[in-house]
$ cat my_file27.txt   # compact mmCIF, C-alpha atoms and all ligand atoms
# COMPACT_ATOMS: atom_id res chain seq x y z
CA MET U 1 20.96 -58.93 -1.60
CA LYS U 2 19.26 -57.05 -4.42
CA PHE U 3 15.93 -55.25 -4.26
CA TYR U 4 13.34 -55.11 -7.02
CA SER U 5 10.49 -52.72 -7.70
CA LEU U 6 6.96 -53.93 -6.99
CA GLN U 7 5.86 -51.90 -10.03
CA ASN U 8 8.37 -53.56 -12.33
CA PRO U 9 10.19 -56.70 -11.11
CA SER U 10 12.91 -56.29 -13.74
CA TYR U 11 13.97 -52.99 -12.12
CA ILE U 12 16.65 -54.25 -9.73
CA THR U 13 18.96 -52.30 -7.46
CA SER U 14 21.29 -52.52 -4.45
CA PHE U 15 20.38 -51.78 -0.83
CA LYS U 16 22.39 -48.57 -1.07
CA GLU U 17 20.53 -47.32 -4.14
CA ALA U 18 17.19 -48.35 -2.65
CA VAL U 19 17.95 -46.28 0.47
CA VAL U 20 19.26 -43.27 -1.42
CA THR U 21 16.44 -43.14 -3.98
CA GLY U 22 13.64 -44.26 -1.62
CA LEU U 23 11.26 -45.28 -4.40
CA ALA U 24 11.64 -46.93 -7.80
CA PRO U 25 10.17 -45.24 -10.92
CA ASN U 26 6.34 -45.04 -11.02
CA LYS U 27 6.28 -45.06 -7.22
CA GLY U 28 7.33 -48.70 -7.01
CA LEU U 29 8.25 -49.90 -3.51
CA PHE U 30 11.48 -51.84 -3.19
CA PHE U 31 11.27 -55.47 -2.06
CA PRO U 32 14.10 -57.92 -1.28
CA SER U 33 14.88 -60.47 -3.99
CA ALA U 34 14.96 -63.32 -1.44
CA ILE U 35 13.81 -63.92 2.13
CA PRO U 36 16.59 -65.70 4.02
CA ASN U 37 15.95 -68.09 6.91
CA LEU U 38 17.40 -67.45 10.35
CA PRO U 39 20.26 -69.89 11.08
CA ASP U 40 19.29 -73.38 12.33
CA GLY U 41 18.82 -73.45 16.08
CA PHE U 42 18.82 -69.66 16.37
CA ILE U 43 15.23 -69.45 17.59
CA ASP U 44 15.74 -72.28 20.12
CA GLN U 45 18.77 -70.46 21.52
CA ILE U 46 17.28 -66.98 21.34
CA GLU U 47 17.65 -66.25 25.04
CA SER U 48 21.42 -66.60 24.81
CA TYR U 49 21.75 -63.81 22.22
CA SER U 50 21.97 -60.08 22.95
CA ALA U 51 19.59 -57.61 21.31
CA GLN U 52 22.48 -56.50 19.06
CA GLU U 53 23.23 -60.07 17.96
CA ILE U 54 19.56 -60.70 17.19
CA ALA U 55 19.37 -57.47 15.19
CA PHE U 56 22.50 -58.42 13.25
CA GLN U 57 21.11 -61.85 12.30
CA LEU U 58 17.89 -60.32 11.02
CA VAL U 59 19.25 -57.36 9.10
CA SER U 60 22.69 -58.35 7.80
CA PRO U 61 21.48 -60.63 4.95
CA TYR U 62 19.72 -57.64 3.41
CA VAL U 63 22.52 -55.09 3.70
CA ALA U 64 25.81 -57.03 3.83
CA GLU U 65 26.74 -56.30 0.19
CA ASP U 66 26.69 -52.56 0.89
CA ILE U 67 27.70 -52.21 4.56
CA GLU U 68 30.69 -53.95 6.13
CA THR U 69 30.17 -56.04 9.27
CA ASP U 70 31.89 -53.60 11.66
CA VAL U 71 29.92 -50.66 10.34
CA LEU U 72 26.63 -52.55 10.55
CA LYS U 73 27.38 -53.47 14.16
CA ARG U 74 28.04 -49.82 14.98
CA ILE U 75 24.82 -48.76 13.23
CA ILE U 76 22.85 -51.37 15.19
CA ASN U 77 24.37 -50.16 18.46
CA GLU U 78 23.36 -46.59 17.65
CA THR U 79 19.85 -47.71 16.71
CA LEU U 80 19.22 -49.86 19.79
CA SER U 81 20.38 -47.40 22.44
CA PHE U 82 17.21 -47.80 24.53
CA ASP U 83 15.04 -50.54 26.09
CA LEU U 84 12.26 -52.38 24.26
CA PRO U 85 10.62 -54.15 27.21
CA LEU U 86 7.81 -56.73 27.08
CA VAL U 87 5.55 -55.87 30.02
CA PRO U 88 3.14 -58.60 31.23
CA LEU U 89 -0.36 -57.31 32.09
CA SER U 90 -1.91 -60.70 32.91
CA GLU U 91 -1.08 -64.37 32.46
CA LYS U 92 -2.05 -64.21 28.79
CA VAL U 93 -1.65 -60.58 27.75
CA SER U 94 1.50 -58.50 27.45
CA VAL U 95 2.49 -55.19 25.87
CA LEU U 96 5.69 -54.56 23.93
CA GLU U 97 6.73 -50.97 24.66
CA LEU U 98 8.42 -49.38 21.67
CA PHE U 99 8.42 -45.81 22.99
CA HIS U 100 11.53 -45.54 25.13
CA GLY U 101 13.57 -43.88 22.38
CA PRO U 102 14.56 -40.22 22.21
CA THR U 103 11.28 -38.98 20.66
CA MET U 104 9.11 -41.58 22.44
CA ALA U 105 7.64 -43.15 19.30
CA PHE U 106 8.48 -46.47 17.65
CA LYS U 107 9.53 -44.54 14.55
CA ASP U 108 12.80 -43.75 16.36
CA ILE U 109 14.08 -47.21 15.45
CA GLY U 110 13.59 -46.93 11.70
CA ALA U 111 14.63 -43.28 11.60
CA ARG U 112 17.85 -43.85 13.53
CA PHE U 113 18.80 -46.86 11.41
CA MET U 114 18.13 -45.00 8.17
CA ALA U 115 20.04 -41.93 9.33
CA GLN U 116 23.12 -43.97 10.17
CA CYS U 117 22.97 -45.82 6.82
CA LEU U 118 22.68 -42.59 4.83
CA GLY U 119 25.46 -40.98 6.86
CA HIS U 120 27.65 -43.98 6.08
CA PHE U 121 26.88 -43.87 2.34
CA TYR U 122 27.61 -40.12 2.17
CA ARG U 123 30.64 -40.06 4.49
CA ASN U 124 33.14 -39.48 1.70
CA GLU U 125 31.02 -37.60 -0.82
CA ASP U 126 31.98 -34.01 -1.47
CA LYS U 127 28.33 -33.14 -2.11
CA GLU U 128 25.86 -33.39 0.75
CA ILE U 129 22.48 -35.07 0.46
CA THR U 130 19.28 -33.29 1.48
CA VAL U 131 16.55 -35.29 3.19
CA LEU U 132 13.09 -33.81 2.67
CA VAL U 133 10.26 -34.82 5.02
CA ALA U 134 6.70 -33.66 5.35
CA THR U 135 5.28 -34.44 8.78
CA SER U 136 1.95 -34.36 10.55
CA GLY U 137 3.80 -34.70 13.87
CA ASP U 138 5.59 -37.89 14.91
CA THR U 139 7.67 -38.69 11.85
CA GLY U 140 9.39 -35.30 11.75
CA GLY U 141 10.57 -35.53 15.35
CA ALA U 142 11.96 -39.03 14.94
CA VAL U 143 13.69 -38.12 11.67
CA ALA U 144 15.09 -34.85 13.11
CA ASN U 145 16.49 -36.63 16.13
CA GLY U 146 17.86 -39.57 14.13
CA PHE U 147 19.67 -37.36 11.61
CA LEU U 148 20.92 -34.71 14.05
CA LYS U 149 24.63 -34.04 13.41
CA VAL U 150 24.94 -36.87 10.87
CA PRO U 151 27.76 -35.63 8.58
CA GLY U 152 27.00 -35.14 4.89
CA VAL U 153 23.25 -35.00 5.46
CA ARG U 154 21.05 -31.90 5.59
CA VAL U 155 17.44 -32.32 6.75
CA VAL U 156 14.55 -30.08 5.72
CA ILE U 157 11.27 -30.71 7.53
CA LEU U 158 7.95 -29.22 6.37
CA TYR U 159 5.15 -29.08 8.91
CA PRO U 160 1.69 -27.49 8.83
CA SER U 161 1.54 -24.33 10.91
CA GLY U 162 -0.66 -24.68 14.00
CA LYS U 163 -1.44 -28.34 13.32
CA VAL U 164 1.24 -30.08 15.40
CA SER U 165 1.33 -30.04 19.19
CA PRO U 166 3.59 -27.46 20.93
CA ILE U 167 6.05 -30.15 22.07
CA GLN U 168 6.10 -31.75 18.62
CA GLU U 169 6.85 -28.35 17.13
CA LEU U 170 9.82 -27.81 19.43
CA GLN U 171 11.09 -31.33 18.61
CA LEU U 172 11.32 -30.17 14.98
CA THR U 173 12.38 -26.56 15.33
CA SER U 174 14.81 -26.32 18.24
CA LEU U 175 17.58 -28.76 17.36
CA GLY U 176 19.68 -26.55 15.07
CA HIS U 177 22.82 -27.96 13.37
CA ASN U 178 21.81 -29.80 10.17
CA ILE U 179 18.07 -29.81 10.99
CA ASN U 180 15.99 -27.11 9.27
CA ALA U 181 12.28 -26.59 9.91
CA LEU U 182 9.83 -24.94 7.52
CA GLU U 183 6.50 -23.81 8.94
CA VAL U 184 4.04 -24.10 6.09
CA ASP U 185 0.88 -22.01 5.92
CA GLY U 186 -1.33 -24.96 4.93
CA THR U 187 -2.22 -28.56 5.74
CA PHE U 188 -0.12 -31.73 5.94
CA ASP U 189 -1.25 -32.56 2.41
CA ASP U 190 0.15 -29.21 1.21
CA CYS U 191 3.49 -30.05 2.84
CA GLN U 192 3.51 -33.47 1.18
CA GLN U 193 2.63 -31.91 -2.17
CA MET U 194 5.57 -29.50 -1.91
CA VAL U 195 7.93 -32.40 -1.22
CA LYS U 196 6.58 -34.30 -4.23
CA SER U 197 6.90 -31.22 -6.46
CA ALA U 198 10.50 -30.72 -5.34
CA PHE U 199 11.45 -34.19 -6.59
CA MET U 200 10.04 -33.33 -10.00
CA ASP U 201 11.58 -29.84 -10.15
CA ALA U 202 14.56 -29.93 -12.53
CA ASP U 203 16.04 -26.69 -11.13
CA LEU U 204 16.17 -28.16 -7.66
CA THR U 205 17.34 -31.66 -8.54
CA ALA U 206 20.12 -30.21 -10.70
CA ARG U 207 21.39 -28.28 -7.72
CA THR U 208 20.85 -30.66 -4.78
CA THR U 209 20.78 -34.42 -4.23
CA LEU U 210 17.36 -35.04 -2.73
CA THR U 211 15.98 -38.03 -0.89
CA SER U 212 13.03 -38.64 1.37
CA ALA U 213 12.86 -40.29 4.78
CA ASN U 214 9.28 -41.47 4.65
CA SER U 215 8.21 -44.82 5.99
CA ILE U 216 8.45 -46.74 2.74
CA ASN U 217 12.24 -46.42 2.65
CA VAL U 218 13.73 -49.93 3.05
CA ALA U 219 16.12 -48.58 5.71
CA ARG U 220 13.15 -47.61 7.86
CA TRP U 221 11.19 -50.77 7.13
CA LEU U 222 13.74 -53.56 7.68
CA PRO U 223 15.06 -52.65 11.18
CA GLN U 224 11.49 -52.77 12.49
CA MET U 225 11.78 -56.57 12.39
CA ILE U 226 14.18 -56.39 15.32
CA TYR U 227 11.77 -55.66 18.12
CA PHE U 228 9.36 -58.41 17.14
CA LEU U 229 12.10 -60.95 17.78
CA LEU U 230 13.12 -59.11 20.97
CA GLY U 231 9.50 -59.48 22.09
CA TYR U 232 9.67 -63.21 21.38
CA LYS U 233 12.93 -63.48 23.30
CA GLN U 234 11.25 -61.96 26.37
CA LEU U 235 8.20 -64.28 26.33
CA GLN U 236 8.20 -66.33 29.54
CA ASP U 237 6.24 -69.17 27.96
CA LYS U 238 7.39 -70.03 24.47
CA ASN U 239 5.10 -73.07 24.07
CA THR U 240 1.70 -71.38 24.04
CA PRO U 241 0.82 -70.05 20.56
CA TRP U 242 1.67 -66.35 20.34
CA VAL U 243 -0.41 -63.71 18.59
CA ILE U 244 0.75 -60.13 17.99
CA SER U 245 -1.54 -57.15 17.49
CA VAL U 246 -0.08 -54.18 15.60
CA PRO U 247 -1.75 -50.73 15.56
CA SER U 248 -1.53 -49.95 11.86
CA GLY U 249 -1.62 -46.93 9.56
CA ASN U 250 0.78 -47.29 6.65
CA PHE U 251 1.44 -50.94 7.62
CA GLY U 252 5.24 -50.74 7.65
CA ASN U 253 5.37 -51.99 11.22
CA LEU U 254 3.09 -54.98 10.63
CA CYS U 255 4.83 -55.81 7.36
CA ALA U 256 8.19 -55.92 9.18
CA GLY U 257 6.76 -58.36 11.74
CA MET U 258 5.43 -60.58 8.97
CA LEU U 259 8.84 -60.54 7.27
CA ALA U 260 10.47 -61.63 10.56
CA HIS U 261 7.91 -64.46 10.68
CA LYS U 262 8.80 -65.55 7.14
CA MET U 263 12.45 -65.66 8.27
CA GLY U 264 11.54 -68.05 11.07
CA MET U 265 10.11 -66.12 14.04
CA PRO U 266 7.32 -68.19 15.61
CA CYS U 267 3.96 -66.40 15.52
CA HIS U 268 0.54 -68.03 15.47
CA LYS U 269 -1.29 -65.00 14.10
CA PHE U 270 -0.80 -61.32 13.39
CA ILE U 271 -3.63 -58.90 13.99
CA ALA U 272 -3.98 -55.72 11.96
CA SER U 273 -5.71 -53.32 14.35
CA THR U 274 -6.96 -50.07 12.88
CA ASN U 275 -9.22 -47.14 13.67
CA VAL U 276 -12.14 -46.35 11.32
CA ASN U 277 -9.63 -46.14 8.47
CA LYS U 278 -10.36 -49.81 7.84
CA THR U 279 -9.15 -50.44 4.30
CA VAL U 280 -7.16 -53.52 5.32
CA PRO U 281 -9.69 -55.16 7.66
CA ASP U 282 -12.20 -54.72 4.82
CA TYR U 283 -9.78 -56.32 2.37
CA LEU U 284 -9.37 -59.31 4.68
CA THR U 285 -13.15 -59.74 4.83
CA THR U 286 -13.97 -59.23 1.18
CA GLY U 287 -10.80 -60.01 -0.78
CA PHE U 288 -11.11 -56.64 -2.55
CA TYR U 289 -8.72 -53.77 -1.89
CA GLN U 290 -10.51 -50.45 -2.00
CA ALA U 291 -8.45 -47.34 -1.09
CA LYS U 292 -10.48 -44.79 0.84
CA THR U 293 -10.21 -41.12 1.82
CA SER U 294 -8.72 -40.90 5.30
CA ILE U 295 -10.88 -39.96 8.27
CA GLN U 296 -9.53 -38.01 11.26
CA THR U 297 -9.43 -39.90 14.60
CA ILE U 298 -7.80 -39.70 18.04
CA SER U 299 -5.21 -42.29 16.93
CA ASN U 300 -4.15 -39.87 14.20
CA ALA U 301 -0.86 -41.51 13.20
CA MET U 302 -3.06 -44.27 11.77
CA ASP U 303 -5.38 -42.03 9.73
CA VAL U 304 -4.43 -43.60 6.43
CA GLY U 305 -6.93 -44.65 3.78
CA ASP U 306 -4.50 -46.17 1.26
CA PRO U 307 -1.66 -47.75 3.25
CA SER U 308 1.55 -47.62 1.25
CA ASN U 309 3.18 -50.75 2.68
CA PHE U 310 0.21 -53.02 2.04
CA SER U 311 1.61 -53.91 -1.38
CA ARG U 312 4.62 -55.39 0.42
CA ILE U 313 2.36 -57.57 2.57
CA LEU U 314 0.61 -58.82 -0.56
CA GLU U 315 4.00 -59.60 -2.12
CA LEU U 316 5.02 -61.61 0.97
CA TYR U 317 1.95 -63.78 0.34
CA THR U 318 2.15 -63.66 -3.49
CA SER U 319 -1.22 -61.87 -3.39
CA ASP U 320 -2.91 -65.06 -2.17
CA HIS U 321 -5.82 -63.85 -0.07
CA GLU U 322 -6.41 -67.27 1.55
CA SER U 323 -2.83 -67.84 2.70
CA LEU U 324 -2.59 -64.25 3.93
CA LYS U 325 -5.74 -64.83 5.99
CA THR U 326 -4.21 -67.84 7.73
CA ASP U 327 -1.52 -65.52 9.17
CA LEU U 328 -3.44 -62.25 9.49
CA SER U 329 -6.73 -61.15 11.01
CA GLY U 330 -7.95 -57.55 11.00
CA TYR U 331 -10.29 -55.55 13.19
CA TRP U 332 -11.19 -51.88 13.34
CA PHE U 333 -12.52 -49.71 16.17
CA SER U 334 -14.18 -46.32 16.70
CA ASP U 335 -12.80 -43.47 18.81
CA ASN U 336 -15.34 -44.24 21.53
CA GLN U 337 -14.25 -47.88 21.70
CA THR U 338 -10.64 -46.66 21.84
CA ARG U 339 -11.43 -44.42 24.82
CA GLU U 340 -13.26 -47.28 26.56
CA ALA U 341 -10.20 -49.48 26.06
CA MET U 342 -7.93 -46.81 27.58
CA VAL U 343 -10.20 -46.75 30.63
CA GLU U 344 -10.28 -50.57 30.81
CA LEU U 345 -6.49 -50.84 30.61
CA GLN U 346 -6.17 -48.28 33.39
CA GLN U 347 -8.80 -49.88 35.65
CA GLN U 348 -7.98 -53.56 35.10
CA PHE U 349 -4.20 -53.41 34.87
CA GLY U 350 -3.19 -49.96 36.08
CA TYR U 351 -1.72 -49.45 32.60
CA THR U 352 -1.83 -46.07 30.88
CA ALA U 353 -1.96 -46.54 27.12
CA ASP U 354 -2.00 -44.01 24.32
CA PRO U 355 -4.84 -44.18 21.74
CA HIS U 356 -2.75 -46.20 19.23
CA GLY U 357 -1.79 -48.85 21.78
CA ALA U 358 -5.41 -48.97 22.93
CA VAL U 359 -6.55 -49.82 19.37
CA ALA U 360 -4.01 -52.66 19.30
CA TYR U 361 -5.25 -53.91 22.68
CA LEU U 362 -8.83 -53.97 21.36
CA GLY U 363 -7.78 -56.04 18.34
CA LEU U 364 -5.93 -58.50 20.54
CA ILE U 365 -8.81 -58.96 22.99
CA LYS U 366 -11.28 -59.38 20.16
CA TYR U 367 -9.19 -62.16 18.62
CA MET U 368 -8.56 -63.87 21.97
CA GLU U 369 -12.29 -64.03 22.74
CA GLY U 370 -12.54 -66.61 19.96
CA TYR U 371 -9.23 -68.38 20.70
CA PRO U 372 -8.72 -68.51 24.47
CA GLU U 373 -5.85 -71.03 24.13
CA VAL U 374 -3.39 -68.40 22.82
CA GLN U 375 -1.27 -65.76 24.52
CA GLY U 376 -1.03 -62.31 23.02
CA THR U 377 1.09 -59.18 22.83
CA PHE U 378 0.00 -55.75 21.61
CA LEU U 379 2.47 -53.10 20.53
CA GLU U 380 2.50 -49.72 22.29
CA THR U 381 3.87 -47.42 19.59
CA ALA U 382 3.96 -44.07 21.43
CA HIS U 383 4.33 -42.88 25.01
CA PRO U 384 0.91 -41.76 26.30
CA ALA U 385 2.35 -38.32 27.08
CA LYS U 386 2.75 -37.74 23.34
CA PHE U 387 -1.06 -37.64 23.28
CA LYS U 388 -1.38 -35.95 26.64
CA ALA U 389 -4.53 -33.93 25.96
CA GLU U 390 -6.52 -37.00 24.89
CA VAL U 391 -5.11 -39.26 27.62
CA ASP U 392 -5.65 -36.71 30.42
CA ALA U 393 -9.24 -36.07 29.33
CA THR U 394 -10.15 -39.74 28.86
CA LEU U 395 -8.58 -40.95 32.11
CA SER U 396 -9.29 -37.81 34.20
CA MET U 397 -5.64 -37.55 35.13
CA THR U 398 -2.65 -35.28 34.65
CA LEU U 399 0.21 -37.19 33.06
CA ASP U 400 3.73 -36.10 33.90
CA LEU U 401 5.93 -35.31 30.92
CA PRO U 402 8.84 -37.76 30.76
CA SER U 403 12.30 -36.21 30.64
CA GLN U 404 12.75 -36.78 26.87
CA LEU U 405 9.70 -34.57 26.24
CA ALA U 406 10.05 -32.18 29.18
CA SER U 407 13.53 -31.19 28.01
CA PHE U 408 11.95 -29.43 25.01
CA VAL U 409 9.75 -27.11 27.08
CA GLY U 410 11.06 -23.55 26.96
CA ARG U 411 13.44 -24.11 24.06
CA THR U 412 13.61 -21.61 21.22
CA LYS U 413 11.74 -22.33 18.03
CA VAL U 414 13.55 -21.53 14.80
CA ALA U 415 11.48 -21.99 11.64
CA GLU U 416 11.20 -20.35 8.26
CA ASN U 417 7.69 -19.33 7.17
CA ILE U 418 6.61 -20.79 3.87
CA ALA U 419 3.40 -19.70 2.14
CA SER U 420 3.75 -21.29 -1.29
CA TYR U 421 5.82 -23.65 -3.41
CA ASP U 422 7.69 -20.62 -4.76
CA ASP U 423 8.71 -19.67 -1.21
CA PHE U 424 9.86 -23.23 -0.60
CA LYS U 425 11.81 -23.35 -3.85
CA ALA U 426 13.48 -20.02 -3.12
CA TYR U 427 14.52 -21.38 0.27
CA MET U 428 15.95 -24.54 -1.30
CA MET U 429 17.83 -22.58 -3.99
CA ARG U 430 19.56 -20.29 -1.48
C1 LIG N 1 3.28 -44.18 12.58
C2 LIG N 1 2.54 -44.68 13.77
C3 LIG N 1 1.71 -45.84 13.69
C4 LIG N 1 1.45 -46.56 12.41
O1 LIG N 1 2.57 -47.33 11.99
P1 LIG N 1 2.60 -47.89 10.48
O2 LIG N 1 3.92 -48.57 10.37
O3 LIG N 1 2.46 -46.72 9.58
O4 LIG N 1 1.45 -48.84 10.34
C5 LIG N 1 1.11 -46.29 14.87
N1 LIG N 1 1.27 -45.63 16.03
C6 LIG N 1 2.03 -44.52 16.14
C7 LIG N 1 2.14 -43.84 17.45
C8 LIG N 1 2.70 -44.00 15.02
O5 LIG N 1 3.44 -42.89 15.13

$ encode --input "my_file27.txt" --output "structure tokens" --more "lines below"
Ligand SMILES: *Cc1c(COP(=O)(O)O)cnc(C)c1O
Amino acid sequence: MKFYSLQNPSYITSFKEAVVTGLAPNKGLFFPSAIPNLPDGFIDQIESYSAQEIAFQLVSPYVAEDIETDVLKRIINETLSFDLPLVPLSEKVSVLELFHGPTMAFKDIGARFMAQCLGHFYRNEDKEITVLVATSGDTGGAVANGFLKVPGVRVVILYPSGKVSPIQELQLTSLGHNINALEVDGTFDDCQQMVKSAFMDADLTARTTLTSANSINVARWLPQMIYFLLGYKQLQDKNTPWVISVPSGNFGNLCAGMLAHKMGMPCHKFIASTNVNKTVPDYLTTGFYQAKTSIQTISNAMDVGDPSNFSRILELYTSDHESLKTDLSGYWFSDNQTREAMVELQQQFGYTADPHGAVAYLGLIKYMEGYPEVQGTFLETAHPAKFKAEVDATLSMTLDLPSQLASFVGRTKVAENIASYDDFKAYMMR
């Protein structure tokens, strides 16, 4: 399978090159040159396949030219080393929990898959590759964990000093080995700007092979299809139309679900659930895409005003607003509505949700009010303890830290202080 650039369809490359370079020239996202169908009868027989077999069917058509079967199977095993359970809350509503991975966020899946792919591509190179990531919290932890001890790969994470939670900071700064943390005196945008400048800095690129592990990398995007189909496999009733609500920021997650649907996964409707950063719900209403400045909310991993993966969703539907609307509805919610939903989930179902999952629940319930004949699943993208302060305050409770998070308490932080791009460059040139 080849991949082309959404900025220039005649720019065509392999899966390997798409992973290593991340983006095509002029910031073009890579998109597969064909969308294969799942084998005949696969969906009807889904319950007889293991999670690993389902993952292999979905992903192998895209990567088989660059990764041998045995290696892909090993990568899939490494990626899917934890449960992805579908938890029923009522007869019609269920939640797909994507947070049982090592950093307790759904980004573990994409980050682990990408790390294994890059490690495979660089296994015999004499020069190592450096992965640069700017993080506002969750991404850095998932990337650090996924790439830990992967041979041939060095990771440099930039995070804004004082703006990530104490546990998140230790997830970035206490791993050692090939994971390096830079504590930047500035905001997340400053960190991101430094990463962008590094890619354009001839001194640096002459000296080091640089790549980025942000969410638009095809190796983070494609494996996210897997859990949608694992959710379908776990549905008790496969005859009632199924709708899926995805809490969305950069829209990689939703776009992966829609790709799985194009390959043959049954789904009656997708729901794009957002906080007040409502660029996509507005597009669905008006047909006009208007990027906006992002607004800070309690579901902060979705504070995105110009979602980078939305161009992939448009490509899936050849930019046809009407046909996109038959598969996708969008709703947005305020922080107060999100808190009310967290309380409702707790009181009605005894279910503790994080703010992102609560936004997805709201979108699902809103859609189901109009279509009571469907059943629905919302995705829970982070463990509530990752947003402990907000969850404890909203639900008047004291959440226990699960072992994956508790194991970081008391560890030693190691981070280099960075005040300017010159500091960062000097660090990289050492
Ligand atoms: C990143 C993230 C999202 C948004 O996912 P996208 O693929 O960017 O739409 C939602 N919830 C949590 C907890 C996240 O970390």

$ residues_near_ligand --input "my_file27.txt" --ligand "ligand LIG 1 (chain N)" --cutoff "8 Å" --atoms "all atoms listed in the file" --output "PyMOL selection string"
chain U and resi 105-107+138-139+215+246-255+299-302+307+356-357+380-383

$ closest_atom_pairs --input "my_file27.txt" --of "segment 310-344 of chain U" --to "segment 23-33 of chain U" --cutoff "10 Å" --atoms "all atoms listed in the file" --output "JSON lines"
{"residue": "U:Ser311", "atom": "CA", "partner": "U:Leu29", "partner_atom": "CA", "distance": 8.0}
{"residue": "U:Arg312", "atom": "CA", "partner": "U:Phe31", "partner_atom": "CA", "distance": 7.1}
{"residue": "U:Glu315", "atom": "CA", "partner": "U:Phe31", "partner_atom": "CA", "distance": 8.4}
{"residue": "U:Leu316", "atom": "CA", "partner": "U:Phe31", "partner_atom": "CA", "distance": 9.3}

$ closest_residue --input "my_file27.txt" --among "U:Val155, U:Ala385, U:Leu345, U:Ala358" --to "Ala406 of chain U" --atoms "all atoms listed in the file"
U:Ala385

$ atom_distance --input "my_file27.txt" --atom1 "atom CA of Phe378 of chain U" --atom2 "atom CA of Pro85 of chain U"
12.1 Å

$ residues_around --input "my_file27.txt" --residues "segment 275-281 of chain U" --least-positions-apart "5" --cutoff "9 Å" --atoms "only C-alpha atoms" --output "ChimeraX atom specification"
/U:247-249,286,289-300,302-307,310,329-335,338,356,359

$ write_last_selection --input "my_file27.txt" --atoms "C-alpha atoms" --output "PDB file, in the frame of the given file"
ATOM      1  CA  PRO U 247      -1.750 -50.730  15.560  1.00  0.00           C
ATOM      2  CA  SER U 248      -1.530 -49.950  11.860  1.00  0.00           C
ATOM      3  CA  GLY U 249      -1.620 -46.930   9.560  1.00  0.00           C
ATOM      4  CA  THR U 286     -13.970 -59.230   1.180  1.00  0.00           C
ATOM      5  CA  TYR U 289      -8.720 -53.770  -1.890  1.00  0.00           C
ATOM      6  CA  GLN U 290     -10.510 -50.450  -2.000  1.00  0.00           C
ATOM      7  CA  ALA U 291      -8.450 -47.340  -1.090  1.00  0.00           C
ATOM      8  CA  LYS U 292     -10.480 -44.790   0.840  1.00  0.00           C
ATOM      9  CA  THR U 293     -10.210 -41.120   1.820  1.00  0.00           C
ATOM     10  CA  SER U 294      -8.720 -40.900   5.300  1.00  0.00           C
ATOM     11  CA  ILE U 295     -10.880 -39.960   8.270  1.00  0.00           C
ATOM     12  CA  GLN U 296      -9.530 -38.010  11.260  1.00  0.00           C
ATOM     13  CA  THR U 297      -9.430 -39.900  14.600  1.00  0.00           C
ATOM     14  CA  ILE U 298      -7.800 -39.700  18.040  1.00  0.00           C
ATOM     15  CA  SER U 299      -5.210 -42.290  16.930  1.00  0.00           C
ATOM     16  CA  ASN U 300      -4.150 -39.870  14.200  1.00  0.00           C
ATOM     17  CA  MET U 302      -3.060 -44.270  11.770  1.00  0.00           C
ATOM     18  CA  ASP U 303      -5.380 -42.030   9.730  1.00  0.00           C
ATOM     19  CA  VAL U 304      -4.430 -43.600   6.430  1.00  0.00           C
ATOM     20  CA  GLY U 305      -6.930 -44.650   3.780  1.00  0.00           C
ATOM     21  CA  ASP U 306      -4.500 -46.170   1.260  1.00  0.00           C
ATOM     22  CA  PRO U 307      -1.660 -47.750   3.250  1.00  0.00           C
ATOM     23  CA  PHE U 310       0.210 -53.020   2.040  1.00  0.00           C
ATOM     24  CA  SER U 329      -6.730 -61.150  11.010  1.00  0.00           C
ATOM     25  CA  GLY U 330      -7.950 -57.550  11.000  1.00  0.00           C
ATOM     26  CA  TYR U 331     -10.290 -55.550  13.190  1.00  0.00           C
ATOM     27  CA  TRP U 332     -11.190 -51.880  13.340  1.00  0.00           C
ATOM     28  CA  PHE U 333     -12.520 -49.710  16.170  1.00  0.00           C
ATOM     29  CA  SER U 334     -14.180 -46.320  16.700  1.00  0.00           C
ATOM     30  CA  ASP U 335     -12.800 -43.470  18.810  1.00  0.00           C
ATOM     31  CA  THR U 338     -10.640 -46.660  21.840  1.00  0.00           C
ATOM     32  CA  HIS U 356      -2.750 -46.200  19.230  1.00  0.00           C
ATOM     33  CA  VAL U 359      -6.550 -49.820  19.370  1.00  0.00           C
TER      34      VAL U 359
END

$ residues_around --input "my_file27.txt" --residues "segment 263-266 of chain U" --least-positions-apart "5" --cutoff "8 Å" --atoms "all atoms listed in the file" --output "NGL selection string"
:U and (35-38 or 43 or 229 or 232 or 242)

$ residues_around --input "my_file27.txt" --residues "Gln168 of chain U" --least-positions-apart "4" --cutoff "10 Å" --atoms "all atoms listed in the file" --output "ChimeraX atom specification"
/U:103,136-141,163-164,172-173,386,405,408

$ residues_near_point --input "my_file27.txt" --point "(15.3, -48.8, 9.8)" --cutoff "10 Å" --atoms "all atoms listed in the file" --output "list in words"
Val59, Ile76, Thr79, Lys107, Asp108, Ile109, Gly110, Ala111, Arg112, Phe113, Met114, Ala115, Gln116, Cys117, Ser215, Asn217, Val218, Ala219, Arg220, Trp221, Leu222, Pro223, Gln224, Met225 and Ile226 of chain U

$ residues_around --input "my_file27.txt" --residues "Ala198 of chain U" --least-positions-apart "6" --cutoff "9 Å" --atoms "all atoms listed in the file" --output "CSV table (one decimal) with C-alpha atoms, in the coordinates of the input"
chain,number,residue,atom,x,y,z
U,132,LEU,CA,13.1,-33.8,2.7
U,204,LEU,CA,16.2,-28.2,-7.7
U,205,THR,CA,17.3,-31.7,-8.5
U,210,LEU,CA,17.4,-35.0,-2.7
U,421,TYR,CA,5.8,-23.6,-3.4
U,424,PHE,CA,9.9,-23.2,-0.6
U,425,LYS,CA,11.8,-23.4,-3.8

$ residues_around --input "my_file27.txt" --residues "Thr209 of chain U" --least-positions-apart "3" --cutoff "12 Å" --atoms "only C-alpha atoms" --output "list in words"
Val20, Thr21, Tyr122, Glu125, Asp126, Lys127, Glu128, Ile129, Thr130, Val131, Leu132, Gly152, Val153, Arg154, Val155, Ala198, Phe199, Asp201, Ala202, Asp203, Leu204, Thr205, Ala206, Ser212 and Met428 of chain U
